[in-house]
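Engineer: Following this line is data.cif, made up of mmCIF, C-alpha atoms and all ligand atoms:
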```cif
data_final
#
loop_
_atom_site.label_atom_id
_atom_site.label_comp_id
_atom_site.auth_asym_id
_atom_site.auth_seq_id
_atom_site.Cartn_x
_atom_site.Cartn_y
_atom_site.Cartn_z
CA MET T 57 5.97 24.16 14.30
CA ARG T 58 5.41 22.85 17.81
CA SER T 59 2.99 19.97 17.26
CA ILE T 60 2.86 17.32 14.53
CA ALA T 61 0.93 14.10 13.85
CA LEU T 62 1.86 10.99 11.91
CA LEU T 63 0.00 8.10 10.33
CA THR T 64 0.61 4.95 8.30
CA SER T 65 -1.81 4.32 5.42
CA GLY T 66 -2.52 1.78 2.66
CA GLY T 67 -0.81 -1.62 2.53
CA ASP T 68 1.53 -2.24 5.46
CA GLY T 69 5.11 -3.46 5.11
CA PRO T 70 8.25 -4.08 7.14
CA GLY T 71 10.08 -0.96 8.30
CA LEU T 72 7.04 1.20 9.12
CA ASN T 73 7.79 0.98 12.84
CA ALA T 74 11.32 2.26 12.29
CA CYS T 75 9.78 5.30 10.53
CA ILE T 76 7.28 5.89 13.35
CA ARG T 77 10.02 5.66 15.99
CA ALA T 78 12.34 8.03 14.12
CA VAL T 79 9.69 10.67 13.27
CA THR T 80 8.56 10.67 16.91
CA ARG T 81 11.95 10.75 18.62
CA GLN T 82 13.40 13.35 16.27
CA ALA T 83 10.42 15.66 16.84
CA LEU T 84 10.53 15.14 20.61
CA LYS T 85 14.25 16.08 20.56
CA HIS T 86 13.16 19.39 19.03
CA ARG T 87 10.62 19.77 21.86
CA ALA T 88 7.62 19.32 19.57
CA GLU T 89 4.52 17.34 20.51
CA VAL T 90 3.81 14.20 18.47
CA HIS T 91 0.36 12.66 17.92
CA GLY T 92 0.04 9.10 16.59
CA VAL T 93 -3.04 8.65 14.39
CA ARG T 94 -4.58 5.15 14.47
CA TRP T 95 -5.79 3.32 11.31
CA GLY T 96 -4.52 5.71 8.65
CA TYR T 97 -6.79 8.40 7.22
CA ARG T 98 -9.81 6.78 8.90
CA GLY T 99 -8.35 7.70 12.29
CA LEU T 100 -7.81 11.25 11.12
CA VAL T 101 -11.48 11.51 10.15
CA ASN T 102 -12.70 9.85 13.37
CA GLY T 103 -10.33 11.84 15.59
CA ASP T 104 -8.64 8.61 16.70
CA PHE T 105 -5.25 9.94 17.80
CA SER T 106 -3.20 10.35 20.94
CA GLN T 107 0.09 11.87 22.02
CA LEU T 108 3.21 9.69 21.78
CA SER T 109 6.13 9.65 24.21
CA SER T 110 9.61 8.38 23.48
CA ARG T 111 8.80 5.20 25.45
CA ASP T 112 5.63 4.59 23.42
CA VAL T 113 7.79 3.97 20.35
CA GLY T 114 10.40 1.85 22.16
CA GLY T 115 11.00 -1.81 21.25
CA ILE T 116 9.13 -1.64 17.94
CA MET T 117 11.97 -1.35 15.42
CA GLY T 118 12.40 -5.11 14.91
CA ARG T 119 8.68 -5.80 14.46
CA GLY T 120 6.85 -5.99 11.14
CA GLY T 121 3.51 -4.25 10.52
CA THR T 122 2.74 -0.86 12.04
CA MET T 123 2.10 -0.08 15.70
CA LEU T 124 -0.36 2.64 14.60
CA GLY T 125 -2.42 0.31 12.42
CA THR T 126 -3.24 1.13 8.82
CA ALA T 127 -6.35 1.14 6.64
CA ARG T 128 -7.73 1.84 3.23
CA CYS T 129 -10.17 4.72 3.53
CA PRO T 130 -11.69 5.41 0.08
CA GLU T 131 -13.95 8.16 1.46
CA PHE T 132 -10.83 10.30 2.00
CA LYS T 133 -10.99 11.16 -1.72
CA ASP T 134 -14.05 13.27 -0.86
CA VAL T 135 -13.06 16.87 -0.06
CA LYS T 136 -15.75 17.14 2.65
CA VAL T 137 -14.25 14.16 4.47
CA ARG T 138 -10.79 15.73 4.25
CA ARG T 139 -12.21 18.96 5.73
CA THR T 140 -13.40 16.97 8.75
CA ALA T 141 -9.87 15.55 9.10
CA ILE T 142 -8.31 19.03 9.02
CA ARG T 143 -10.81 20.28 11.60
CA ASN T 144 -9.87 17.40 13.92
CA LEU T 145 -6.17 18.23 13.52
CA ASN T 146 -6.78 21.95 14.14
CA GLN T 147 -8.90 21.25 17.24
CA ARG T 148 -5.94 19.39 18.78
CA GLY T 149 -3.50 22.15 17.86
CA VAL T 150 -1.65 19.92 15.37
CA GLU T 151 0.21 22.02 12.80
CA GLY T 152 1.63 19.42 10.40
CA LEU T 153 1.24 15.77 9.38
CA VAL T 154 3.72 13.08 8.32
CA VAL T 155 2.11 10.50 6.01
CA ILE T 156 3.87 7.14 5.61
CA GLY T 157 2.55 5.07 2.71
CA GLY T 158 2.44 4.37 -1.01
CA ASN T 159 1.12 6.24 -4.04
CA GLY T 160 -2.48 6.49 -2.82
CA SER T 161 -1.53 7.64 0.68
CA LEU T 162 0.91 10.21 -0.69
CA THR T 163 -1.85 11.51 -2.98
CA GLY T 164 -3.97 12.04 0.14
CA ALA T 165 -1.06 13.97 1.70
CA PHE T 166 -0.78 16.10 -1.44
CA GLU T 167 -4.54 16.87 -1.33
CA LEU T 168 -4.27 18.01 2.32
CA HIS T 169 -1.33 20.25 1.40
CA GLU T 170 -3.37 21.73 -1.47
CA MET T 171 -6.12 22.51 1.07
CA GLY T 172 -3.61 24.47 3.16
CA PHE T 173 -2.68 21.86 5.78
CA PRO T 174 1.11 21.19 5.95
CA THR T 175 2.10 17.60 5.10
CA TYR T 176 5.31 15.67 4.48
CA GLY T 177 5.49 12.17 2.94
CA ILE T 178 7.60 9.05 3.48
CA PRO T 179 7.44 6.52 0.61
CA ALA T 180 6.58 3.09 2.03
CA SER T 181 5.33 0.41 -0.34
CA ILE T 182 6.61 -3.10 -0.87
CA ASP T 183 5.91 -2.66 -4.61
CA ASN T 184 8.69 -0.04 -5.03
CA ASP T 185 6.40 1.89 -7.36
CA VAL T 186 6.66 5.37 -5.80
CA PHE T 187 8.11 7.74 -8.38
CA GLY T 188 11.30 9.67 -7.65
CA THR T 189 12.87 7.47 -4.99
CA ASP T 190 15.29 4.60 -5.64
CA MET T 191 13.74 2.59 -2.82
CA SER T 192 10.63 2.75 -0.67
CA VAL T 193 10.53 1.43 2.89
CA GLY T 194 9.58 -2.29 3.01
CA VAL T 195 10.88 -3.34 -0.41
CA ASP T 196 14.16 -4.88 0.74
CA THR T 197 12.63 -7.11 3.42
CA THR T 198 9.89 -8.29 1.05
CA LEU T 199 12.43 -9.12 -1.63
CA ASN T 200 14.41 -11.20 0.84
CA THR T 201 11.23 -13.02 1.93
CA ILE T 202 10.42 -13.85 -1.70
CA LEU T 203 14.00 -14.96 -2.38
CA ASP T 204 13.90 -17.27 0.61
CA ALA T 205 10.72 -18.83 -0.82
CA ILE T 206 12.24 -19.15 -4.31
CA ASP T 207 15.33 -20.86 -2.92
CA ARG T 208 13.21 -23.31 -0.93
CA ILE T 209 10.94 -24.04 -3.89
CA LYS T 210 13.97 -24.55 -6.12
CA ASP T 211 15.20 -27.30 -3.79
CA THR T 212 12.00 -29.28 -4.11
CA ALA T 213 11.56 -28.37 -7.80
CA THR T 214 15.00 -29.79 -8.61
CA SER T 215 14.43 -32.92 -6.53
CA HIS T 216 11.23 -33.72 -8.44
CA GLN T 217 12.12 -32.27 -11.87
CA ARG T 218 9.15 -29.93 -11.75
CA ALA T 219 8.25 -26.56 -13.20
CA PHE T 220 7.11 -24.11 -10.52
CA MET T 221 5.07 -20.96 -10.94
CA ILE T 222 5.52 -18.51 -8.06
CA GLU T 223 3.08 -15.60 -7.94
CA VAL T 224 4.29 -12.53 -6.06
CA MET T 225 2.58 -9.24 -5.13
CA GLY T 226 2.41 -6.31 -7.49
CA ARG T 227 -1.05 -5.35 -8.66
CA ASP T 228 0.30 -2.68 -11.01
CA SER T 229 4.03 -3.08 -10.59
CA GLY T 230 6.44 -5.82 -11.64
CA TYR T 231 9.36 -4.67 -9.49
CA LEU T 232 9.14 -7.50 -6.94
CA ALA T 233 8.79 -10.15 -9.66
CA LEU T 234 11.67 -8.73 -11.68
CA ALA T 235 14.09 -8.18 -8.81
CA SER T 236 13.36 -11.50 -7.08
CA GLY T 237 13.29 -13.40 -10.37
CA LEU T 238 16.65 -11.98 -11.36
CA ALA T 239 18.21 -12.58 -7.95
CA GLY T 240 16.59 -16.03 -7.71
CA GLY T 241 17.72 -17.22 -11.14
CA ALA T 242 14.20 -17.69 -12.55
CA GLU T 243 13.80 -19.02 -16.09
CA VAL T 244 10.67 -16.92 -16.71
CA ILE T 245 9.69 -13.50 -15.27
CA LEU T 246 6.25 -12.07 -16.07
CA VAL T 247 5.44 -8.42 -15.26
CA PRO T 248 2.49 -6.12 -16.04
CA GLU T 249 4.83 -3.54 -17.65
CA ARG T 250 5.79 -5.91 -20.49
CA GLU T 251 3.21 -7.61 -22.66
CA GLY T 252 3.50 -11.35 -23.23
CA PRO T 253 4.95 -13.83 -23.82
CA ASP T 254 1.81 -15.81 -24.71
CA VAL T 255 1.13 -19.11 -22.98
CA GLU T 256 2.37 -21.17 -25.96
CA LYS T 257 5.73 -19.36 -25.82
CA ILE T 258 5.94 -19.99 -22.07
CA GLY T 259 5.30 -23.67 -22.80
CA ASP T 260 8.21 -23.58 -25.30
CA ILE T 261 10.53 -22.05 -22.67
CA VAL T 262 9.64 -24.85 -20.24
CA VAL T 263 10.35 -27.49 -22.91
CA GLU T 264 13.67 -25.80 -23.83
CA ALA T 265 14.73 -25.80 -20.17
CA TYR T 266 13.98 -29.52 -20.00
CA VAL T 267 15.86 -30.23 -23.25
CA ARG T 268 18.90 -28.26 -22.04
CA GLY T 269 19.04 -30.65 -19.11
CA LYS T 270 17.70 -28.36 -16.39
CA HIS T 271 16.23 -30.11 -13.38
CA HIS T 272 13.60 -27.46 -12.81
CA CYS T 273 11.98 -24.41 -14.39
CA ILE T 274 11.13 -21.50 -12.09
CA MET T 275 8.63 -18.86 -13.24
CA VAL T 276 8.06 -15.72 -11.17
CA ILE T 277 4.81 -13.95 -11.99
CA ALA T 278 3.58 -10.56 -10.73
CA GLU T 279 -0.05 -10.79 -9.65
CA GLY T 280 -0.94 -7.94 -12.03
CA TRP T 281 0.43 -9.66 -15.15
CA LYS T 282 -2.23 -10.49 -17.75
CA PRO T 283 -3.64 -12.99 -18.68
CA GLY T 284 -2.62 -14.19 -15.23
CA THR T 285 -1.13 -17.17 -13.40
CA GLN T 286 -4.23 -19.34 -13.82
CA ALA T 287 -4.14 -19.07 -17.63
CA VAL T 288 -0.52 -20.28 -17.73
CA GLU T 289 -1.23 -23.06 -15.24
CA ASP T 290 -4.21 -24.29 -17.29
CA TYR T 291 -2.13 -24.33 -20.47
CA LEU T 292 0.85 -26.09 -18.91
CA ARG T 293 -1.36 -28.69 -17.21
CA SER T 294 -3.19 -29.48 -20.41
CA HIS T 295 0.19 -29.98 -22.18
CA ARG T 296 1.85 -31.83 -19.32
CA ASP T 297 2.78 -34.85 -21.47
CA ASP T 298 4.78 -32.70 -23.96
CA LEU T 299 6.58 -30.54 -21.37
CA GLY T 300 8.95 -32.86 -19.58
CA PHE T 301 8.10 -31.18 -16.29
CA ASP T 302 5.12 -31.60 -14.02
CA VAL T 303 3.75 -28.20 -12.87
CA ARG T 304 3.02 -26.74 -9.43
CA VAL T 305 1.84 -23.27 -8.41
CA THR T 306 2.65 -21.30 -5.24
CA VAL T 307 0.90 -17.99 -4.55
CA LEU T 308 2.99 -16.30 -1.87
CA GLY T 309 0.29 -13.77 -0.87
CA HIS T 310 0.44 -11.79 2.33
CA VAL T 311 3.37 -13.72 3.77
CA GLN T 312 5.35 -11.19 1.69
CA ARG T 313 4.11 -8.22 3.70
CA GLY T 314 4.97 -9.44 7.21
CA GLY T 315 8.10 -10.31 9.12
CA ARG T 316 11.09 -8.73 10.81
CA PRO T 317 12.42 -5.78 8.82
CA SER T 318 15.87 -6.20 7.29
CA ALA T 319 18.81 -4.03 8.38
CA PHE T 320 18.34 -2.01 5.17
CA ASP T 321 14.67 -1.23 5.92
CA ARG T 322 15.42 -0.33 9.55
CA LEU T 323 18.15 2.05 8.43
CA LEU T 324 16.10 3.52 5.61
CA GLY T 325 13.04 3.93 7.85
CA THR T 326 15.11 5.60 10.56
CA ARG T 327 16.90 7.93 8.15
CA MET T 328 13.72 8.88 6.28
CA GLY T 329 11.72 9.30 9.49
CA ALA T 330 14.23 11.71 11.06
CA PHE T 331 14.60 13.63 7.78
CA ALA T 332 10.81 13.97 7.39
CA SER T 333 10.40 15.15 10.98
CA ASP T 334 13.06 17.86 10.54
CA ARG T 335 11.69 19.12 7.21
CA LEU T 336 8.11 19.34 8.48
CA LEU T 337 9.13 21.09 11.70
CA GLU T 338 11.08 23.60 9.60
CA GLY T 339 7.80 24.38 7.80
CA GLU T 340 8.32 22.45 4.57
CA SER T 341 5.06 21.10 3.09
CA GLY T 342 3.76 19.23 0.04
CA THR T 343 7.00 17.27 -0.29
CA MET T 344 8.30 13.78 0.44
CA VAL T 345 11.68 12.29 1.23
CA ALA T 346 13.37 10.42 -1.63
CA LEU T 347 16.45 8.19 -1.66
CA ARG T 348 18.73 9.13 -4.57
CA GLY T 349 21.96 7.18 -4.63
CA ASN T 350 22.69 7.09 -0.94
CA LYS T 351 21.42 10.62 -0.27
CA LEU T 352 18.06 11.77 1.04
CA GLU T 353 16.36 14.66 -0.75
CA SER T 354 12.98 16.40 -0.66
CA LEU T 355 10.81 15.95 -3.73
CA PRO T 356 7.53 17.78 -4.45
CA LEU T 357 4.56 15.45 -3.91
CA ALA T 358 2.99 16.93 -7.06
CA GLU T 359 5.84 15.33 -9.02
CA ALA T 360 5.90 12.08 -7.06
CA VAL T 361 2.18 11.30 -7.35
CA ALA T 362 1.86 12.31 -11.01
CA GLU T 363 3.21 8.98 -12.24
CA GLN T 364 4.28 5.51 -11.18
CA ARG T 365 7.97 4.67 -10.88
CA PRO T 366 8.87 2.99 -14.18
CA LEU T 367 10.32 -0.51 -14.22
CA ASP T 368 13.91 -0.73 -15.42
CA LEU T 369 13.34 -2.88 -18.49
CA ARG T 370 17.10 -3.30 -18.93
CA LEU T 371 16.98 -5.56 -15.89
CA LEU T 372 14.45 -7.74 -17.70
CA GLU T 373 16.83 -7.98 -20.65
CA LEU T 374 19.58 -8.93 -18.22
CA ALA T 375 17.34 -11.67 -16.79
CA ASP T 376 16.64 -12.94 -20.32
CA MET T 377 20.42 -13.22 -20.87
CA MET T 378 20.92 -15.25 -17.72
CA ASP T 379 18.66 -18.23 -18.33
P1 LIG U 1 -1.02 2.90 -1.00
O1 LIG U 1 -0.86 4.13 -0.22
O2 LIG U 1 -0.31 1.72 -0.40
O3 LIG U 1 -0.76 3.09 -2.48
P2 LIG U 1 -3.89 2.91 -1.57
O4 LIG U 1 -3.75 3.23 -3.01
O5 LIG U 1 -4.90 1.88 -1.20
O6 LIG U 1 -2.56 2.42 -0.88
O7 LIG U 1 -4.24 4.28 -0.83
C1 LIG U 1 -4.33 4.32 0.59
C2 LIG U 1 -5.31 5.36 0.99
O8 LIG U 1 -4.88 6.66 0.57
C3 LIG U 1 -6.69 5.24 0.41
O9 LIG U 1 -7.49 4.25 1.04
C4 LIG U 1 -7.24 6.64 0.68
O10 LIG U 1 -7.57 6.79 2.03
C5 LIG U 1 -6.02 7.50 0.38
N1 LIG U 1 -6.06 7.99 -1.01
C6 LIG U 1 -5.80 7.28 -2.13
N2 LIG U 1 -5.98 8.05 -3.23
C7 LIG U 1 -6.40 9.25 -2.80
C8 LIG U 1 -6.79 10.49 -3.45
N3 LIG U 1 -6.78 10.58 -4.77
N4 LIG U 1 -7.17 11.51 -2.67
C9 LIG U 1 -7.18 11.42 -1.33
N5 LIG U 1 -6.83 10.28 -0.65
C10 LIG U 1 -6.45 9.22 -1.37
O1 LIG U 2 0.11 -2.04 -2.65
C1 LIG U 2 0.83 -3.08 -2.09
C2 LIG U 2 0.18 -4.40 -2.31
O2 LIG U 2 1.00 -5.29 -1.63
C3 LIG U 2 -0.03 -4.86 -3.75
O3 LIG U 2 1.08 -5.37 -4.39
C4 LIG U 2 -1.12 -5.90 -3.56
O4 LIG U 2 -1.84 -6.13 -4.73
C5 LIG U 2 -1.96 -5.26 -2.52
O5 LIG U 2 -1.09 -4.48 -1.72
C6 LIG U 2 -2.74 -6.23 -1.70
O6 LIG U 2 -3.48 -5.51 -0.77
P1 LIG U 2 -4.54 -6.12 0.25
O7 LIG U 2 -3.82 -6.29 1.53
O8 LIG U 2 -5.60 -5.09 0.33
O9 LIG U 2 -4.99 -7.42 -0.30
#
```
Could you render the structure as structure tokens?

Structural biologist:
Amino acid sequence: MRSIALLTSGGDGPGLNACIRAVTRQALKHRAEVHGVRWGYRGLVNGDFSQLSSRDVGGIMGRGGTMLGTARCPEFKDVKVRRTAIRNLNQRGVEGLVVIGGNGSLTGAFELHEMGFPTYGIPASIDNDVFGTDMSVGVDTTLNTILDAIDRIKDTATSHQRAFMIEVMGRDSGYLALASGLAGGAEVILVPEREGPDVEKIGDIVVEAYVRGKHHCIMVIAEGWKPGTQAVEDYLRSHRDDLGFDVRVTVLGHVQRGGRPSAFDRLLGTRMGAFASDRLLEGESGTMVALRGNKLESLPLAEAVAEQRPLDLRLLELADMMD
């Protein structure tokens, strides 16, 4: 293969620029042309791409976000739209595509492969919900951002003897809530993968924390947990007099997606980017890079996109033991 393209798609996250830099420089070392596609699959459909030089990807490693831009492009699920994308790639002589993104983006890469266009995936999602890889790019930095917030909130929570609810990202996945809650010493962790506890039980946990002499009660809640942060807040507020703690809510939101990538994400992005570039140039297609232990391996996209990475419920049990 002498010419490849790359794009970032779906939700952004720290470490994407390290991937872009590594894919590009590794391919250039092998004397291949590299095309950067702007705005994810939308740029592929609109023909919004241009050739990248080594200098174009210089100085980006320490920056959050993605220099190529990203987008959600629901119309890419339509086969006719994907045909337009393949025609645009063919017209520019591009022979293969690296897709950097989460489950949805990797499904798009799998669909292109099924239509005969060579693709290779890099798992990048702060939710750490891509099946088959221990870690996706962006998770480590996001976890550290959340932990920093938990530590800060704990300071003020302890000073005022308050209960704090901290809502973190994870529409369908509780990984961020579980890992940050465990590392942050939270009294309550609520994730979509485990039903309950009901609001009355959560109220009991807050009271127990107060009775045991704790100066705060920290609850970390994944945004996808049902019945949701608001329901717990309403219950706790209406029982404020019985609880012992006053209640405050912090929704961390998109602050979790930005910021300087950690050393781990820069290393992972660089390793995965170079690996992906090599595999695609060798002609491998319909696969993605996966971190297993400390080794990188290729995994069929068919396997990776068939299910979501399960949450390790033993970690939840460990968190329950620690309160
Ligand atoms: P992420 O990649 O972070 O999981 P999304 O689920 O929003 O984010 O998916 C990103 C994009 O991937 C979508 O906007 C769409 O362009 C593409 N995509 C998602 N699912 C499919 C699919 N089934 N077929 C083709 N493309 C898809
Ligand atoms: O998929 C990653 C993710 O961060 C989810 O956890 C979150 O629900 C979603 O993206 C938010 O996306 P948007 O930027 O479209 O609001």

Engineer: Using all atoms listed in the file, find the one residue out of T:Val93, T:Met57, T:Ala78, T:Ala165 that sits nearest to Arg327 of chain T.

Structural biologist: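 When distances to Arg327 of chain T are compared using all atoms listed in the file, the smallest one comes from T:Ala78.
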
Engineer: Write out as a PyMOL selection string each polymer residue whose atoms come within 6 Å of segment 177-191 of chain T, counting only C-alpha atoms; drop sequence neighbours fewer than 3 positions from it.

Structural biologist: chain T and resi 154-159+194-195+226+344-348+360+364-365

Engineer: Box for ligand LIG 2 (chain U): with edges along x, y and z, all listed atoms inside and 3 Å added on each side, what are the centre and edge lengths in Å to one decimal, as JSON?

Structural biologist:
```
{"center_x": -2.3, "center_y": -4.7, "center_z": -1.6, "size_x": 12.7, "size_y": 11.4, "size_z": 12.3}
```

Engineer: May I ask you to write as a ChimeraX atom specification all residues lying at most 7 Å from ligand LIG 1 (chain U), with all atoms listed in the file counted?

Structural biologist: /T:65-67,97,127-133,157-164,167,181

Engineer: For Val262 of chain T, work out the shell of residues within 9 Å, counting all atoms listed in the file and skipping chain neighbours fewer than 5 positions away, then give it as an MDAnalysis selection string.

Structural biologist: chainID T and resid 219 243:244 257 267 272:274 292 299:301

Engineer: Of the candidates T:Leu84, T:Leu352, T:Leu367, T:Leu232, which shows the shortest atom-to-atom distance to ligand LIG 2 (chain U), using all atoms listed in the file?

Structural biologist: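 Closest to ligand LIG 2 (chain U) of all the choices is T:Leu232.
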
Engineer: With distances taken over all atoms listed in the file, which residue among T:Gly240, T:Arg148, T:Tyr291, T:Arg81 lies nearest Ala332 of chain T?

Structural biologist: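 Selected residue with least distance to Ala332 of chain T: T:Arg81.
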
Engineer: Neighbouring residues of Cys75 of chain T were defined as those with any atom within 6 Å, considering only C-alpha atoms; residues of the same chain fewer than 6 positions away were excluded. Please report them as a ChimeraX atom specification.

Structural biologist: /T:325-326,329

Engineer: Could you write out that same residue set with C-alpha atoms as a PDB file, keeping the file's coordinate frame?

Structural biologist:
```pdb
ATOM      1  CA  GLY T 325      13.040   3.930   7.850  1.00  0.00           C
ATOM      2  CA  THR T 326      15.110   5.600  10.560  1.00  0.00           C
ATOM      3  CA  GLY T 329      11.720   9.300   9.490  1.00  0.00           C
TER       4      GLY T 329
END
```

Engineer: Using atom CA of Arg313 of chain T and atom CA of Arg208 of chain T as the two end points, give the distance in Å to one decimal.

Structural biologist: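 For atom CA of Arg313 of chain T relative to atom CA of Arg208 of chain T, the distance reads 18.2 Å.
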
Engineer: Work out how far atom CA of Leu324 of chain T is from atom CA of Val311 of chain T, in Å to one decimal.

Structural biologist: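 Atom CA of Val311 of chain T sits 21.5 Å away from atom CA of Leu324 of chain T.
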
Engineer: Counting all atoms listed in the file, which of T:Ala330, T:Ala265, T:Leu357, T:Met225 gets nearest to ligand LIG 2 (chain U)?

Structural biologist: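 For ligand LIG 2 (chain U), the nearest of the candidates is T:Met225.
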
Engineer: Rounded to one decimal, what separation in Å do you get between atom CA of Leu337 of chain T and atom CA of Gly118 of chain T?

Structural biologist: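 Result for atom CA of Leu337 of chain T versus atom CA of Gly118 of chain T: 26.6 Å, one decimal.
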
Engineer: Which is closer to Ala358 of chain T than all the others in T:Val247, T:His169, T:Gly237, T:Gly284, using all atoms listed in the file?

Structural biologist: T:His169

Engineer: I need the residue nearest Ala213 of chain T from this list: T:Met123, T:Val307, T:Leu168, T:Met275. Use only C-alpha atoms for the distance.

Structural biologist: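 Checking each candidate against Ala213 of chain T, we get T:Met275 as the closest.
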
Engineer: So which residues touch Val150 of chain T within 12 Å, counting only C-alpha atoms, skipping near sequence neighbours fewer than 4 positions away, as a CSV table (one decimal) with C-alpha atoms, keeping the file's coordinate frame?

Structural biologist:
```csv
chain,number,residue,atom,x,y,z
T,57,MET,CA,6.0,24.2,14.3
T,58,ARG,CA,5.4,22.8,17.8
T,59,SER,CA,3.0,20.0,17.3
T,60,ILE,CA,2.9,17.3,14.5
T,61,ALA,CA,0.9,14.1,13.8
T,62,LEU,CA,1.9,11.0,11.9
T,88,ALA,CA,7.6,19.3,19.6
T,89,GLU,CA,4.5,17.3,20.5
T,90,VAL,CA,3.8,14.2,18.5
T,91,HIS,CA,0.4,12.7,17.9
T,92,GLY,CA,0.0,9.1,16.6
T,93,VAL,CA,-3.0,8.6,14.4
T,100,LEU,CA,-7.8,11.2,11.1
T,103,GLY,CA,-10.3,11.8,15.6
T,105,PHE,CA,-5.2,9.9,17.8
T,106,SER,CA,-3.2,10.4,20.9
T,107,GLN,CA,0.1,11.9,22.0
T,141,ALA,CA,-9.9,15.6,9.1
T,142,ILE,CA,-8.3,19.0,9.0
T,143,ARG,CA,-10.8,20.3,11.6
T,144,ASN,CA,-9.9,17.4,13.9
T,145,LEU,CA,-6.2,18.2,13.5
T,146,ASN,CA,-6.8,22.0,14.1
T,154,VAL,CA,3.7,13.1,8.3
T,173,PHE,CA,-2.7,21.9,5.8
T,174,PRO,CA,1.1,21.2,6.0
T,175,THR,CA,2.1,17.6,5.1
T,336,LEU,CA,8.1,19.3,8.5
T,337,LEU,CA,9.1,21.1,11.7
```

Engineer: With a distance cut-off of 10 Å and only C-alpha atoms, select the neighbouring residues of segment 220-222 of chain T, excluding the residue or stretch itself and same-chain residues fewer than 2 positions from it, and output the selection as a ChimeraX atom specification.

Structural biologist: /T:202,205-206,209-210,212-214,217-218,224,233,237,242,244-245,272-279,285-286,288-289,301-308
